[in-house]
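J.: Quick one: this structure, given as structure tokens, is what I'll be asking you about.
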Amino acid sequence: MPMLPNSSGDGDGIGTVRRQFAVGLAARIVALREDLEAVSRCPDDYHRHDFFRKAHSLKGAAACFRADVLLSHANRLTDLARGWVGGTSPTHDQIAVAQTELQQLELECERYLGSLEASP
Amino acid sequence: METDFRVVLIEDDPDLRALIKITLEYTSGWEVTTAEDGPCGLQAVKTLLPDAVVVDLMMPGMDGYEVCRRLKHDSATAHIPLVLLTARRELDEDRIHALGIAGVLAKPFDPDRVAAQILELCGGQNANAPEQ
């Protein structure tokens with residue numbers, strides 16, 4: 001990943017963008033958790049698609065930021081949710097798997113943010 | 001690399017929007033205008049008439065396919081090359097072809113190559129370049 005200047009030309013622009021991504025991960029997790037709860041309560045197509053889209057968005061962002069530690073969990077969430085889009089209602093077991101993945105993803109997000117904050 | 005190339009980037013994810021914009025601006029000196037959703041992107045394209053449009057496939061509300069369909073059905077924007085941005089591997093090739101999309105850029109992209117890839121997908125053509 002090249003080091004890119006920020007708009008003022010006095011720093012590491014891509015580093016700033018990466019830190020914004022890392023800081024925003026907590027909000028993504030909250031949104032995913034709320035959507036998963038909504039899917040659990042009311043597994044209509046709107047909620048299922050919303051959860052899938054957010055998981056897929058996180059997967060794409062994690063891949064582009066080379067946040068490999070997040071990618072495997074985001075991948076599994078996306079794969080799970082893809083199966084729910086377009087018809088099949090999630091089972092209780094699948095919801096439980098997704099909740100576990102979200103918990104693990106949250107831990108990895110905290111580690112990822114910590115690693116960026118610890119780096120110079 | 002053409003430094004006067006102008007792109008409209010339509011991407012709902014704010015982090016990716018910022019990453020792609022800064023990557024294209026820095027690696028190639030392009031002028032990148034961003035839009036956070038399909039309707040805003042359509043307006044930006046109609047106003048700016050850029051050299052290319054890079055549009056995310058999966059967005060809430062109006063998705064990338066619909067954005068491309070509307071741009072290709074508007075005589076003012078139909079000539080502008082469209083590049084679809086997606087992390088999906090299973091794509092509707094027939095639909096992509098029918099919509100006249102120049103190509104698909106896969107996420108994750110290589111920041112050192114993404115500008116060249118966009119130019120390749122657009123056929124190396126500047127949509128606003130005067131005809132020889």
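Convention: chains lettered A, B, ... in structure tokens order; per-chain residue numbering from 1; ligands numbered from 1 as shown.
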Tell me as a VMD selection string which residues belonging to chain A come within 12 Å of chain B, counting only C-alpha atoms.
T.: chain A and resid 1 to 7 9 12 to 25 28 46 49 to 68 71 75 78 to 79 82
J.: Write out as a PyMOL selection string the set of residues from chain B that DSSP, computed on the backbone, places in alpha helix (DSSP H).
T.: chain B and resi 14-28+38-48+64-72+93-98+114-121
J.: Give me the residues within 12 Å of B:Glu66 as a PyMOL selection string, counting only C-alpha atoms and dropping any in the same chain fewer than 4 places off.
T.: chain B and resi 37-39+41-42+55-62+70-73+84+95-96+99+101
J.: Got a sec: who's within 9 Å of A:Pro90, counting only C-alpha atoms, leaving out chain neighbours fewer than 6 positions off, as a list in words?
T.: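 My list of contacting residues is Val39, Ser40, Pro43, Arg48, Leu80, Ala81, Gly83 and Trp84 of chain A.
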J.: Please, which residues of stretch 15-47 of chain B, numbered as in this document, come out strand (DSSP E) from DSSP, as an MDAnalysis selection string?
T.: chainID B and resid 31:35
